[in-house]
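Just below is one structure, and these are the notes that go with it.
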Amino acid sequence: MCFPCCFIIQTAEVGVVERFGLFSRLVQPGFNYTICPMEQLVGKLSFRVQQLDVRVETKTLDNVFLTAGVSVQYQVLREKVFDAYYALTNPTQQITSHVFDVLRSELPSLELDAVFEAKEELALTVKNALAETMTNYGYQIVQVLITDLDPDERVKDAMNEINSSKRMKYAAAEKAEGDKILQVKAAEAEAESKYLSGVGVSKQRKAIVDGLRSSIVDFSSNVQGAGTKDVMDLLLLTQYFDMIQNVGSAPHCKTTFVPSSSKESTEMRNALLQSAKE
């Protein structure tokens, strides 16, 4: 006795129907039925893109063990639904085996630093290897992504320490260069300051000499019978009194001794001249 068995296929799926154990037909999304018990719906396949995450542990050329995380995105080819359903018992296990095979043949030929730089090349190699095999079984490899490269914790700590040491080395070099620039600039500033100070002293002395010359000329021309020696004596005496005033007004000065004589005026003059020279 035969009777219809109803079922529904969702969008983006396809159903596989067998009759007496043999493949009969594919049923599309929507309301469908089979003639029971001769026919039965044995399975469904989805056309949606699916993702398989695989973690592979292997070692690099410099004998560093790491775990690589690989995400494989794949989907069933519409024109090869029969192969996708009947060719493989477990397609995810097949994909996992190919990922292990490719990575465990590629990573041992690269050093750890090169592995991080070659992520795109490794992902492309895995994709090409999977596409060549899985297309024959009715599966399309959409994308392969290497999402994680995780060395041992001690290796990561060592890499961070190396990077930290390099940065400290660069920082020390930059600091030394900065100190050098500061010292050079300070020396240049001191040299410039001394040069300008020398120029100032030179101009000051020139101004004093010019002033003395002008005073001598004016005094000689305005005072009748005054000779050059008299003018010089007067200037020296004036400077001497200015010196006595400056010394006497100093905070630490308590007493000022001035040599004197009651014999002759020339002796007083000589004493003042002597003090001025001293």
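We name chains A, B, ... following the order of the structure tokens; residues begin at 1 in each chain, and ligands are numbered from 1 as shown.
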Item to check | Contacts of segment 20-27 of chain A within 7 Å, only C-alpha atoms, excl. fewer than 6 positions in-chain, as a PyMOL selection string | outcome: chain A and resi 14+38-39
Go through segment 52-77 of chain A residue by residue and, counting only C-alpha atoms, keep those with an atom at most 10 Å from segment 131-136 of chain A; for each kept residue give the shortest atom pair and its distance in Å to one decimal, ordered by chain and increasing number, as a Markdown table.
```
| residue | atom | partner | partner_atom | distance |
| --- | --- | --- | --- | --- |
| A:Tyr74 | CA | A:Met134 | CA | 9.4 |
| A:Val76 | CA | A:Thr135 | CA | 9.2 |
| A:Leu77 | CA | A:Thr135 | CA | 8.3 |
```
Checklist entry - Given the choices A:Glu111, A:Asp179, A:Asp242, A:Asp53, which gets closest to Ala68 of chain A if the distance is worked out from only C-alpha atoms? => result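 The closest residue to Ala68 of chain A is A:Asp53.
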Item to check | For Arg55 of chain A: contacts at 7 Å, only C-alpha atoms, fewer than 5 positions along chain excluded, given as a list in words | outcome: Thr67, Ala68, Gly69 and Val70 of chain A
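Nearest to Ser105 of chain A of all the residues A:Arg78, A:Arg48, A:Lys59, A:Lys127 is A:Lys59, counting only C-alpha atoms.
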Checklist entry - Pick from A:Ser202, A:Tyr195, A:Ser71, A:Leu237: nearest to Thr92 of chain A, with only C-alpha atoms counted? => result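 Selected residue with least distance to Thr92 of chain A: A:Ser71.
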Residues at most 9 Å from Thr34 of chain A, counting only C-alpha atoms, excluding those fewer than 6 positions away in the same chain, as a CSV table (one decimal) with N, CA, C and O atoms, in the first residue's frame?
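And here is the file that came out, out_33.csv:
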```csv
chain,number,residue,atom,x,y,z
A,3,PHE,N,1.3,5.6,-0.1
A,3,PHE,CA,0.6,6.8,0.4
A,3,PHE,C,1.7,7.9,0.3
A,3,PHE,O,2.9,7.7,0.5
A,4,PRO,N,1.2,9.2,0.1
A,4,PRO,CA,2.2,10.3,0.0
A,4,PRO,C,2.7,10.8,1.4
A,4,PRO,O,1.9,10.8,2.3
A,5,CYS,N,4.0,11.1,1.4
A,5,CYS,CA,4.6,11.7,2.6
A,5,CYS,C,5.0,13.1,2.3
A,5,CYS,O,5.8,13.3,1.4
A,6,CYS,N,4.5,14.1,3.0
A,6,CYS,CA,4.7,15.5,2.7
A,6,CYS,C,5.9,16.0,3.6
A,6,CYS,O,6.1,15.6,4.7
A,7,PHE,N,6.6,16.9,3.0
A,7,PHE,CA,7.7,17.6,3.7
A,7,PHE,C,8.0,19.0,3.1
A,7,PHE,O,7.5,19.2,2.0
A,17,VAL,N,16.3,12.6,-2.7
A,17,VAL,CA,15.2,11.6,-2.5
A,17,VAL,C,15.8,10.3,-3.2
A,17,VAL,O,16.3,10.4,-4.3
A,40,GLN,N,11.9,8.0,-0.2
A,40,GLN,CA,12.1,8.7,1.1
A,40,GLN,C,13.1,9.8,0.9
A,40,GLN,O,14.0,9.7,0.1
A,41,LEU,N,13.0,10.8,1.8
A,41,LEU,CA,13.9,11.9,1.8
A,41,LEU,C,15.1,11.5,2.7
A,41,LEU,O,14.9,11.4,3.9
```
Do a neighbour search on Cys2 of chain A at 9 Å with only C-alpha atoms, toss out local chain neighbours closer than 3 positions, and write the hits as a PDB file with N, CA, C and O atoms, in the first residue's frame.
```pdb
ATOM      1  N   ILE A  35       6.439   9.213  -2.381  1.00  0.00           N
ATOM      2  CA  ILE A  35       5.498   8.094  -2.342  1.00  0.00           C
ATOM      3  C   ILE A  35       6.077   7.044  -1.403  1.00  0.00           C
ATOM      4  O   ILE A  35       7.044   6.353  -1.738  1.00  0.00           O
ATOM      5  N   CYS A  36       5.574   7.000  -0.209  1.00  0.00           N
ATOM      6  CA  CYS A  36       6.048   6.047   0.793  1.00  0.00           C
ATOM      7  C   CYS A  36       5.327   4.706   0.603  1.00  0.00           C
ATOM      8  O   CYS A  36       4.146   4.668   0.230  1.00  0.00           O
ATOM      9  N   PRO A  37       6.018   3.621   0.839  1.00  0.00           N
ATOM     10  CA  PRO A  37       7.389   3.515   1.371  1.00  0.00           C
ATOM     11  C   PRO A  37       8.446   3.366   0.274  1.00  0.00           C
ATOM     12  O   PRO A  37       9.605   3.102   0.576  1.00  0.00           O
ATOM     13  N   MET A  38       8.034   3.546  -1.021  1.00  0.00           N
ATOM     14  CA  MET A  38       9.005   3.361  -2.095  1.00  0.00           C
ATOM     15  C   MET A  38      10.066   4.451  -2.088  1.00  0.00           C
ATOM     16  O   MET A  38      11.249   4.183  -2.352  1.00  0.00           O
TER      17      MET A  38
END
```
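Residue nearest Glu117 of chain A within the list A:Leu196, A:Val81, A:Gln239, A:Leu149: A:Leu149 [criterion: smallest interatomic distance, only C-alpha atoms].
Of the residues under consideration (A:Phe82, A:Phe31, A:Phe47, A:Phe100), A:Phe82 shows the shortest atom-to-atom contact distance to Gly138 of chain A when counting only C-alpha atoms.
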Next on the checklist: What parts of segment 85-266 of chain A does DSSP call strand (DSSP E or B)? I'd like the answer as an MDAnalysis selection string.
Outcome noted: chainID A and resid 139:151
Checklist entry - Counting only C-alpha atoms, what is within 9 Å of Ile9 of chain A, bar same-chain residues fewer than 6 positions away, as an MDAnalysis selection string? => result chainID A and resid 15 27:32 44
Next on the checklist: Between atom CA of Leu130 of chain A and atom CA of Val102 of chain A, what is the distance in Å, rounded to a tenth?
Outcome noted: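 Calculated distance between atom CA of Leu130 of chain A and atom CA of Val102 of chain A is 9.1 Å.
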